[in-house]
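One structure is given here, and the rest of the page talks about it.
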Amino acid sequence: VSHDGVRVTTPSSTQGGGFDFAALDPGLVEAITVIPTSRSAVHGSDALSGVIAIDLAAPRADEAVIAGHLTADSEEAYGAALRGSFGWQGGGAVLAGSLYDSGDLTPGSALERQQLFARAGQSVGDWDITGFALYGESERAGFGDSSGGPLFAATPDLERRDTRFLATGLTIAGDRSAVLRPRLRLGYYDDNVVADTPAIAAGVLDPVPALTSDTDFDRFEATADLGITLSPQFDLVVGGNVLTESAEATGTIDFGALIPTAFAISRDQFSAFAEGAWRPVEGLTLTVAARNDWLEGDVSEATWQASGEYAFGTSGLTAFAGYAEGFRLPSLFALAFPLLANPDLRPERSE
């Protein structure tokens with residue numbers, strides 16, 4: 001999952017790399033692109049089954065708009081949002097803020113969310129420079145995954161999860177119509193998750209002890225690539241990527257006595273990729289891509305992808321066939337969480 005090219009998945013939690021979409025204000029979303037299967041070496045080989053790319057609000061040229069809304073319902077839910085969008089010659093900016101409280105619409109479940117968002121962009125000669133920052137806080141309460149929910153839970157105790165996150169990105173790109181199109185993307189994501197999960201009594205499933213955790217995670221990523229138009233029918237992209245992730249956590253497991261579960265872990269990854277697209281006839285696109293990732297301990301992983309796609313005129317019907325390899329490193333949680341960690345875990349692989 002990425003916001004404007006910045007990865008926002010969190011490999012330091014019990015979800016092992018998920019993203020909580022409830023923490024994102026849907027009013028900020030301009031478009032969602034779902035790329036099924038591993039179809040692009042540029043996105044990274046850890047996209048085993050695809051990519052969800054979320055485009056956030058952007059200004060429109062020579063347009064100034066200030067808009068807001070208020071919502072409320074009979075179950076005590078309410079929300080408010082305000083956005084200003086300002087465009088000028090060669091650039092623009094967006095500022096937005098929102099808050100939301102779900103009230104008691106769903107029994108035993110509640111969500112409070114606040115967000116601030118800013119984006120600015122400007123063309124300077126043949127270069128486009130764009131930056132954004134998204135800050136959010138959320139407080140969630142609900143029944144745990146294995147508790148049985150509001151109908152079958154043995155106790156009314158709720159899981160509580162407070163999240164704070166910051167996603168920022170900067171992109172510097174050359175002229176899209178040029179033969180050579182250099183681009184640099186920088187992304188930073190940071191979150192803090194404080195969770196308190198009550199114990200779940202034994203039933204059909206095994207019992208789950210009570211857990212508490214306070215986890216800080218951050219990721220920095222830099223990608224530089226060069227798009228090359230070799231002919232009207234053939235485009236090539238070559239580039240490299242640097243990724244660093246780290247997590248620190250404190251917490252407890254209650255086995256009748258509180259057992260501490262603190263850990264700290266970090267890792268780095270370096271990558272190189274190339275992707276070529278050939279359009280021999282109208283409507284047909286053939287793509288071949290390769291990527292190599294260098295990991296700690298002198299370990300490297302090579303992955304390949306190839307696909308063909310044909311669009312039948314303007315009918316909207318498309319035929320696709322492809323082959324792809326992918327791998328994903330174990331989550332930081334699985335590698336480092338006390339009592340459960342296995343530092344010898346191998347990467348997941350897909351074909």
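Residue numbering restarts at 1 for every chain of the structure tokens, chains are lettered A, B, ... in their displayed order, and ligands are numbered from 1 as they appear.
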Determine, for each residue of range 132-201 of chain A having at least one atom at most 12 Å from an atom of range 219-242 of chain A, the closest pair of atoms and their separation in Å to one decimal, counting only C-alpha atoms; order by chain and ascending number, as a tab-separated table.
residue	atom	partner	partner_atom	distance
A:Phe165	CA	A:Arg219	CA	11.6
A:Leu166	CA	A:Arg219	CA	10.6
A:Ala167	CA	A:Arg219	CA	9.6
A:Thr168	CA	A:Phe220	CA	9.8
A:Gly169	CA	A:Glu221	CA	9.5
A:Leu170	CA	A:Ala222	CA	9.7
A:Thr171	CA	A:Thr223	CA	9.6
A:Ile172	CA	A:Ala224	CA	9.6
A:Ala173	CA	A:Leu226	CA	9.5
A:Gly174	CA	A:Leu226	CA	9.3
A:Asp175	CA	A:Gly227	CA	10.3
A:Arg176	CA	A:Gly227	CA	8.8
A:Ser177	CA	A:Thr229	CA	9.2
A:Ala178	CA	A:Thr229	CA	7.9
A:Val179	CA	A:Thr229	CA	5.0
A:Leu180	CA	A:Ile228	CA	4.8
A:Arg181	CA	A:Gly227	CA	4.7
A:Pro182	CA	A:Leu226	CA	4.4
A:Arg183	CA	A:Asp225	CA	5.5
A:Leu184	CA	A:Ala224	CA	4.5
A:Arg185	CA	A:Thr223	CA	5.2
A:Leu186	CA	A:Ala222	CA	4.6
A:Gly187	CA	A:Glu221	CA	5.2
A:Tyr188	CA	A:Phe220	CA	4.6
A:Tyr189	CA	A:Arg219	CA	5.2
A:Asp190	CA	A:Arg219	CA	6.4
A:Asp191	CA	A:Arg219	CA	9.3
Selection to disk with C-alpha atoms, as an mmCIF file, in the first residue's frame:
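Just written: result16.cif:
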data_model
loop_
_atom_site.group_PDB
_atom_site.id
_atom_site.type_symbol
_atom_site.label_atom_id
_atom_site.label_comp_id
_atom_site.auth_asym_id
_atom_site.auth_seq_id
_atom_site.Cartn_x
_atom_site.Cartn_y
_atom_site.Cartn_z
ATOM 1 C CA PHE A 165 1.403 8.441 11.792
ATOM 2 C CA LEU A 166 3.266 10.778 9.463
ATOM 3 C CA ALA A 167 3.809 10.182 5.741
ATOM 4 C CA THR A 168 5.902 12.623 3.712
ATOM 5 C CA GLY A 169 7.176 12.531 0.158
ATOM 6 C CA LEU A 170 9.182 14.596 -2.315
ATOM 7 C CA THR A 171 9.378 13.974 -6.067
ATOM 8 C CA ILE A 172 11.630 15.748 -8.563
ATOM 9 C CA ALA A 173 10.905 14.706 -12.151
ATOM 10 C CA GLY A 174 12.107 15.763 -15.576
ATOM 11 C CA ASP A 175 9.942 16.609 -18.595
ATOM 12 C CA ARG A 176 7.547 13.702 -19.220
ATOM 13 C CA SER A 177 7.674 14.268 -22.981
ATOM 14 C CA ALA A 178 11.491 14.221 -23.210
ATOM 15 C CA VAL A 179 13.515 11.302 -24.546
ATOM 16 C CA LEU A 180 15.349 11.068 -21.202
ATOM 17 C CA ARG A 181 13.179 11.467 -18.099
ATOM 18 C CA PRO A 182 15.116 11.417 -14.791
ATOM 19 C CA ARG A 183 13.158 11.189 -11.532
ATOM 20 C CA LEU A 184 14.023 11.166 -7.838
ATOM 21 C CA ARG A 185 11.504 10.117 -5.186
ATOM 22 C CA LEU A 186 12.081 10.416 -1.447
ATOM 23 C CA GLY A 187 9.632 8.999 1.070
ATOM 24 C CA TYR A 188 9.445 8.846 4.846
ATOM 25 C CA TYR A 189 6.853 7.064 6.962
ATOM 26 C CA ASP A 190 6.672 6.986 10.752
ATOM 27 C CA ASP A 191 4.039 5.647 13.099
#
Residues near Gly136 in chain A, cut-off 9 Å, only C-alpha atoms, skip fewer than 6 positions along chain, as a ChimeraX atom specification: /A:23-25,113-117,163-167
Those same residues, written as a compact mmCIF listing (two decimals), in the first residue's frame with C-alpha atoms?
# COMPACT_ATOMS: atom_id res chain seq x y z
CA ALA A 23 -6.95 5.69 9.80
CA LEU A 24 -7.20 7.52 6.44
CA ASP A 25 -9.80 10.21 5.79
CA ARG A 113 -9.80 10.22 13.72
CA GLN A 114 -8.06 13.55 13.11
CA GLN A 115 -5.91 14.44 10.10
CA LEU A 116 -3.91 17.27 8.57
CA PHE A 117 -2.70 17.28 4.96
CA THR A 163 -2.22 5.31 16.28
CA ARG A 164 -0.23 8.35 15.23
CA PHE A 165 1.40 8.44 11.79
CA LEU A 166 3.27 10.78 9.46
CA ALA A 167 3.81 10.18 5.74
Those in range 12-142 of chain A with strand (DSSP E or B) from DSSP, as a count of residues only: 77
At a cut-off of 7 Å, using only C-alpha atoms, what residues contact Asp254 in chain A? Leave out same-chain residues fewer than 2 positions from it and give the result as a tab-separated table (two decimals) with N, CA and C atoms, in the first residue's frame.
chain	number	residue	atom	x	y	z
A	209	PRO	N	-3.53	-14.71	25.75
A	209	PRO	CA	-3.25	-13.88	26.93
A	209	PRO	C	-3.39	-12.39	26.61
A	210	ALA	N	-3.56	-11.61	27.66
A	210	ALA	CA	-3.65	-10.16	27.49
A	210	ALA	C	-2.29	-9.60	27.06
A	211	LEU	N	-2.34	-8.62	26.15
A	211	LEU	CA	-1.13	-8.02	25.61
A	211	LEU	C	-1.21	-6.50	25.71
A	252	THR	N	3.98	-5.95	27.26
A	252	THR	CA	3.89	-7.05	28.19
A	252	THR	C	2.95	-8.13	27.66
A	256	GLY	N	-0.34	-14.56	33.90
A	256	GLY	CA	-0.49	-14.63	35.35
A	256	GLY	C	0.53	-13.74	36.01
A	257	ALA	N	1.67	-13.58	35.38
A	257	ALA	CA	2.70	-12.61	35.72
A	257	ALA	C	3.03	-11.86	34.44
A	258	LEU	N	3.35	-10.57	34.56
A	258	LEU	CA	3.61	-9.76	33.37
A	258	LEU	C	5.02	-10.05	32.85
A	259	ILE	N	5.10	-10.53	31.61
A	259	ILE	CA	6.38	-10.82	30.95
A	259	ILE	C	6.70	-9.68	29.99
Best match for closeness to Gly283 in chain A among A:Ala110, A:Ala311, A:Leu99, A:Val34, counting only C-alpha atoms: A:Ala311
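All residues of range 190-347 of chain A that DSSP, run on the backbone, classes as alpha helix (DSSP H) are Leu332, Phe333, Ala334, Leu335 and Ala336 of chain A.
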Those residues with all heavy atoms, as an mmCIF file, in the first residue's frame please?
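Final file, result-v2.cif:
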data_model
loop_
_atom_site.group_PDB
_atom_site.id
_atom_site.type_symbol
_atom_site.label_atom_id
_atom_site.label_comp_id
_atom_site.auth_asym_id
_atom_site.auth_seq_id
_atom_site.Cartn_x
_atom_site.Cartn_y
_atom_site.Cartn_z
ATOM 1 N N LEU A 332 9.238 -7.394 10.714
ATOM 2 C CA LEU A 332 10.107 -7.105 11.847
ATOM 3 C C LEU A 332 9.536 -7.698 13.129
ATOM 4 O O LEU A 332 10.277 -8.131 14.023
ATOM 5 C CB LEU A 332 10.279 -5.594 11.991
ATOM 6 C CG LEU A 332 10.944 -4.878 10.813
ATOM 7 C CD1 LEU A 332 10.976 -3.372 11.061
ATOM 8 C CD2 LEU A 332 12.345 -5.409 10.558
ATOM 9 N N PHE A 333 8.209 -7.738 13.236
ATOM 10 C CA PHE A 333 7.551 -8.332 14.402
ATOM 11 C C PHE A 333 7.906 -9.815 14.515
ATOM 12 O O PHE A 333 8.264 -10.304 15.582
ATOM 13 C CB PHE A 333 6.039 -8.144 14.286
ATOM 14 C CG PHE A 333 5.257 -8.742 15.420
ATOM 15 C CD1 PHE A 333 5.012 -8.009 16.566
ATOM 16 C CD2 PHE A 333 4.767 -10.039 15.349
ATOM 17 C CE1 PHE A 333 4.292 -8.552 17.632
ATOM 18 C CE2 PHE A 333 4.050 -10.600 16.389
ATOM 19 C CZ PHE A 333 3.812 -9.846 17.540
ATOM 20 N N ALA A 334 7.815 -10.536 13.392
ATOM 21 C CA ALA A 334 8.093 -11.977 13.422
ATOM 22 C C ALA A 334 9.554 -12.270 13.712
ATOM 23 O O ALA A 334 9.889 -13.318 14.269
ATOM 24 C CB ALA A 334 7.692 -12.603 12.090
ATOM 25 N N LEU A 335 10.440 -11.346 13.355
ATOM 26 C CA LEU A 335 11.869 -11.560 13.564
ATOM 27 C C LEU A 335 12.320 -11.216 14.980
ATOM 28 O O LEU A 335 13.341 -11.743 15.448
ATOM 29 C CB LEU A 335 12.671 -10.722 12.566
ATOM 30 C CG LEU A 335 12.590 -11.113 11.097
ATOM 31 C CD1 LEU A 335 13.289 -10.071 10.239
ATOM 32 C CD2 LEU A 335 13.199 -12.490 10.864
ATOM 33 N N ALA A 336 11.574 -10.314 15.663
ATOM 34 C CA ALA A 336 12.129 -9.761 16.895
ATOM 35 C C ALA A 336 11.233 -9.864 18.114
ATOM 36 O O ALA A 336 11.719 -9.678 19.235
ATOM 37 C CB ALA A 336 12.493 -8.280 16.676
#
Between CA of Val299 in chain A and CA of Ala264 in chain A, distance in Å (one decimal): 21.7 Å
Contact table range 37-127 of chain A vs range 287-295 of chain A, cut-off 8 Å, shortest pair per residue, only C-alpha atoms, as JSON lines:
{"residue": "A:Ser40", "atom": "CA", "partner": "A:Ala289", "partner_atom": "CA", "distance": 7.0}
{"residue": "A:Ala41", "atom": "CA", "partner": "A:Arg291", "partner_atom": "CA", "distance": 5.8}
{"residue": "A:Gly44", "atom": "CA", "partner": "A:Arg291", "partner_atom": "CA", "distance": 7.9}
{"residue": "A:Ser45", "atom": "CA", "partner": "A:Arg291", "partner_atom": "CA", "distance": 7.4}
